[in-house]
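First up is the structure itself, then whatever we jot down about it.
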Amino acid sequence: MRRRNFIKKGAIAGIGCGVLSGLYTWQIEPFWLEFVQQKMPIQNLPDHLIGKTLMQISDVHVGNRFDYQYIIDAFKEAQQFRPDFVVYTGDYVSYEDERQFEQLEEVLKHRVNGSLGTAAVLGNHDYGKNWAEQAVANHITNQLEKADITVLKNQQMDIAGLNIIGFDDYWAINFAPEKVMNQYDNSKANIILCHNPDVCDLDVWNGYKGWILAGHTHGGQCKPPFLNPPMLPVKNKKYAAGKIDLEDGRKLYINRAVGHLWQVRFNVRPEITIFELERA
Ligand SMILES: [Fe+2]
């Protein structure tokens, strides 16, 4: 009798824990934003940029898969940090149809801009179906540019002495990093924006040394403790999240994303990163 009672109580507790962790994974962690602070030592950084901040926002994923009021709230919170530079590393929408343009318009009213400047690259989702709709990418680019966010498509841009290089997306139709890396100048203070971290393993870097800011993986969104996340959209499974020293002078930072593809997260909180610039 006692034993049966014990099993019954155990089963109820087990079901309770399951329901609670399900609720947590669905309703709490996907919206539990973390602002991650990191130092960013950069070679040739001019004196006047030492101590300035660069905020990375990645994988916003505005669409129908979660309530994007959360993104608006996240942007409002991010504005409180008054970043000097802001960079966006792709996937502004989860594209289904033209409704995402209107939704993005609404969210961009609350975007974060850097006081010195704002740069961006596109991700695969910004290219619509099969990552191959040029018209979708053009529309999103125009929306970003209207919001004072410069989209770098295998291009570079100097903002106040920081040279920001941006690659177009690896899985989409305009990936051509050689166009900009042909002109790579190692005497500048450079950083590179590249949506998909798998690009780190390609022969396109022309001797680049410095930081590469990426997104795309969302950190896998769900990660069992002490194990790798089972769902990672990259070939190189080392490229999950956070800072990775590529041991050839390149340092990769993979942001865990502010938005999500599906509204589930476990042990991988959404992230906005704030780097403090220093001279290497
Ligand atoms: Fe993404």
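Ligands are numbered from 1 in the order shown, chains are lettered A, B, ... in the order of the structure tokens, and residues start at 1 in each chain.
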Query raised in the report: Got a sec to check which residues lie within 10 Å of ligand 1, using only C-alpha atoms and all ligand atoms, and send them as an MDAnalysis selection string?
Result: chainID A and resid 58:61 89:94 123:126 195:196 215:219 233 256:261
Query raised in the report: What lies within 8 Å of Arg265 of chain A using only C-alpha atoms, ignoring chain neighbours under 6 positions off, as a ChimeraX atom specification?
Result: /A:25-26,29-30,221-222
Query raised in the report: Any idea what's packed within 10 Å of Ala172 of chain A, counting only C-alpha atoms, ignoring anything in its chain fewer than 3 positions away? Could you give it as a ChimeraX atom specification?
Result: /A:122-128,130-134,137,168-169,175
Requested in this report: Please provide the set of residues having any atom within 9 Å of Leu104 of chain A, restricted to only C-alpha atoms, with same-chain residues fewer than 5 positions apart removed, written as an NGL selection string.
Outcome: :A and (62-63 or 92-93 or 99 or 109 or 140 or 143)
Write out as a PDB file with N, CA, C and O atoms, in the first residue's frame the residues lying within 12 Å of Tyr184 of chain A, counting only C-alpha atoms and excluding same-chain residues fewer than 5 positions away.
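Saved file selection39.pdb follows:
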ATOM      1  N   ASN A 154      29.282  42.022 -49.177  1.00  0.00           N
ATOM      2  CA  ASN A 154      30.663  41.835 -49.621  1.00  0.00           C
ATOM      3  C   ASN A 154      31.313  43.200 -49.809  1.00  0.00           C
ATOM      4  O   ASN A 154      31.949  43.479 -50.819  1.00  0.00           O
ATOM      5  N   GLN A 155      31.116  44.041 -48.797  1.00  0.00           N
ATOM      6  CA  GLN A 155      31.593  45.418 -48.849  1.00  0.00           C
ATOM      7  C   GLN A 155      32.178  45.794 -47.500  1.00  0.00           C
ATOM      8  O   GLN A 155      31.993  45.089 -46.513  1.00  0.00           O
ATOM      9  N   GLN A 156      32.835  46.943 -47.463  1.00  0.00           N
ATOM     10  CA  GLN A 156      33.343  47.464 -46.201  1.00  0.00           C
ATOM     11  C   GLN A 156      32.981  48.928 -46.054  1.00  0.00           C
ATOM     12  O   GLN A 156      32.688  49.604 -47.040  1.00  0.00           O
ATOM     13  N   MET A 157      33.000  49.381 -44.809  1.00  0.00           N
ATOM     14  CA  MET A 157      32.632  50.764 -44.529  1.00  0.00           C
ATOM     15  C   MET A 157      33.414  51.227 -43.303  1.00  0.00           C
ATOM     16  O   MET A 157      33.450  50.529 -42.295  1.00  0.00           O
ATOM     17  N   ASN A 163      36.879  49.932 -39.281  1.00  0.00           N
ATOM     18  CA  ASN A 163      36.545  49.455 -40.627  1.00  0.00           C
ATOM     19  C   ASN A 163      35.706  48.181 -40.515  1.00  0.00           C
ATOM     20  O   ASN A 163      36.201  47.142 -40.088  1.00  0.00           O
ATOM     21  N   ILE A 164      34.449  48.283 -40.894  1.00  0.00           N
ATOM     22  CA  ILE A 164      33.538  47.138 -40.762  1.00  0.00           C
ATOM     23  C   ILE A 164      33.375  46.481 -42.129  1.00  0.00           C
ATOM     24  O   ILE A 164      32.968  47.123 -43.100  1.00  0.00           O
ATOM     25  N   ILE A 165      33.717  45.198 -42.166  1.00  0.00           N
ATOM     26  CA  ILE A 165      33.622  44.408 -43.401  1.00  0.00           C
ATOM     27  C   ILE A 165      32.407  43.498 -43.245  1.00  0.00           C
ATOM     28  O   ILE A 165      32.225  42.892 -42.190  1.00  0.00           O
ATOM     29  N   GLY A 166      31.569  43.413 -44.260  1.00  0.00           N
ATOM     30  CA  GLY A 166      30.382  42.553 -44.166  1.00  0.00           C
ATOM     31  C   GLY A 166      30.258  41.618 -45.354  1.00  0.00           C
ATOM     32  O   GLY A 166      30.340  42.050 -46.503  1.00  0.00           O
ATOM     33  N   PRO A 177      32.710  36.770 -50.761  1.00  0.00           N
ATOM     34  CA  PRO A 177      33.570  37.533 -49.844  1.00  0.00           C
ATOM     35  C   PRO A 177      34.873  38.016 -50.481  1.00  0.00           C
ATOM     36  O   PRO A 177      35.442  39.006 -50.040  1.00  0.00           O
ATOM     37  N   GLU A 178      35.308  37.322 -51.558  1.00  0.00           N
ATOM     38  CA  GLU A 178      36.574  37.734 -52.194  1.00  0.00           C
ATOM     39  C   GLU A 178      36.492  39.160 -52.727  1.00  0.00           C
ATOM     40  O   GLU A 178      37.493  39.861 -52.789  1.00  0.00           O
ATOM     41  N   LYS A 179      35.270  39.601 -53.065  1.00  0.00           N
ATOM     42  CA  LYS A 179      35.102  40.967 -53.589  1.00  0.00           C
ATOM     43  C   LYS A 179      35.623  42.008 -52.610  1.00  0.00           C
ATOM     44  O   LYS A 179      36.123  43.038 -53.015  1.00  0.00           O
ATOM     45  N   ALA A 189      41.850  49.208 -38.449  1.00  0.00           N
ATOM     46  CA  ALA A 189      41.166  48.538 -37.334  1.00  0.00           C
ATOM     47  C   ALA A 189      39.931  47.877 -37.937  1.00  0.00           C
ATOM     48  O   ALA A 189      38.933  48.525 -38.224  1.00  0.00           O
ATOM     49  N   ASN A 190      40.019  46.554 -38.177  1.00  0.00           N
ATOM     50  CA  ASN A 190      38.958  45.840 -38.904  1.00  0.00           C
ATOM     51  C   ASN A 190      38.131  44.945 -37.994  1.00  0.00           C
ATOM     52  O   ASN A 190      38.666  44.365 -37.042  1.00  0.00           O
ATOM     53  N   ILE A 191      36.853  44.813 -38.311  1.00  0.00           N
ATOM     54  CA  ILE A 191      36.065  43.674 -37.804  1.00  0.00           C
ATOM     55  C   ILE A 191      35.236  43.144 -38.971  1.00  0.00           C
ATOM     56  O   ILE A 191      34.988  43.875 -39.942  1.00  0.00           O
ATOM     57  N   ILE A 192      34.829  41.891 -38.888  1.00  0.00           N
ATOM     58  CA  ILE A 192      34.052  41.288 -39.986  1.00  0.00           C
ATOM     59  C   ILE A 192      32.708  40.789 -39.468  1.00  0.00           C
ATOM     60  O   ILE A 192      32.627  40.152 -38.411  1.00  0.00           O
ATOM     61  N   VAL A 204      38.714  31.983 -47.706  1.00  0.00           N
ATOM     62  CA  VAL A 204      38.301  33.287 -48.252  1.00  0.00           C
ATOM     63  C   VAL A 204      38.884  34.453 -47.438  1.00  0.00           C
ATOM     64  O   VAL A 204      38.513  35.602 -47.653  1.00  0.00           O
ATOM     65  N   TRP A 205      39.779  34.173 -46.503  1.00  0.00           N
ATOM     66  CA  TRP A 205      40.112  35.175 -45.484  1.00  0.00           C
ATOM     67  C   TRP A 205      41.319  36.032 -45.806  1.00  0.00           C
ATOM     68  O   TRP A 205      41.561  37.038 -45.135  1.00  0.00           O
ATOM     69  N   ASN A 206      42.103  35.664 -46.796  1.00  0.00           N
ATOM     70  CA  ASN A 206      43.234  36.489 -47.250  1.00  0.00           C
ATOM     71  C   ASN A 206      44.130  36.959 -46.098  1.00  0.00           C
ATOM     72  O   ASN A 206      44.522  38.132 -46.045  1.00  0.00           O
ATOM     73  N   GLY A 207      44.382  36.065 -45.161  1.00  0.00           N
ATOM     74  CA  GLY A 207      45.291  36.391 -44.049  1.00  0.00           C
ATOM     75  C   GLY A 207      44.680  37.244 -42.952  1.00  0.00           C
ATOM     76  O   GLY A 207      45.399  37.764 -42.097  1.00  0.00           O
ATOM     77  N   TYR A 208      43.360  37.368 -42.964  1.00  0.00           N
ATOM     78  CA  TYR A 208      42.682  38.217 -41.975  1.00  0.00           C
ATOM     79  C   TYR A 208      42.996  37.784 -40.549  1.00  0.00           C
ATOM     80  O   TYR A 208      42.984  36.600 -40.233  1.00  0.00           O
ATOM     81  N   LYS A 209      43.286  38.783 -39.719  1.00  0.00           N
ATOM     82  CA  LYS A 209      43.423  38.551 -38.278  1.00  0.00           C
ATOM     83  C   LYS A 209      42.490  39.525 -37.577  1.00  0.00           C
ATOM     84  O   LYS A 209      42.474  40.705 -37.912  1.00  0.00           O
ATOM     85  N   GLY A 210      41.696  39.011 -36.647  1.00  0.00           N
ATOM     86  CA  GLY A 210      40.765  39.885 -35.933  1.00  0.00           C
ATOM     87  C   GLY A 210      39.444  39.180 -35.672  1.00  0.00           C
ATOM     88  O   GLY A 210      39.341  37.950 -35.809  1.00  0.00           O
TER      89      GLY A 210
END
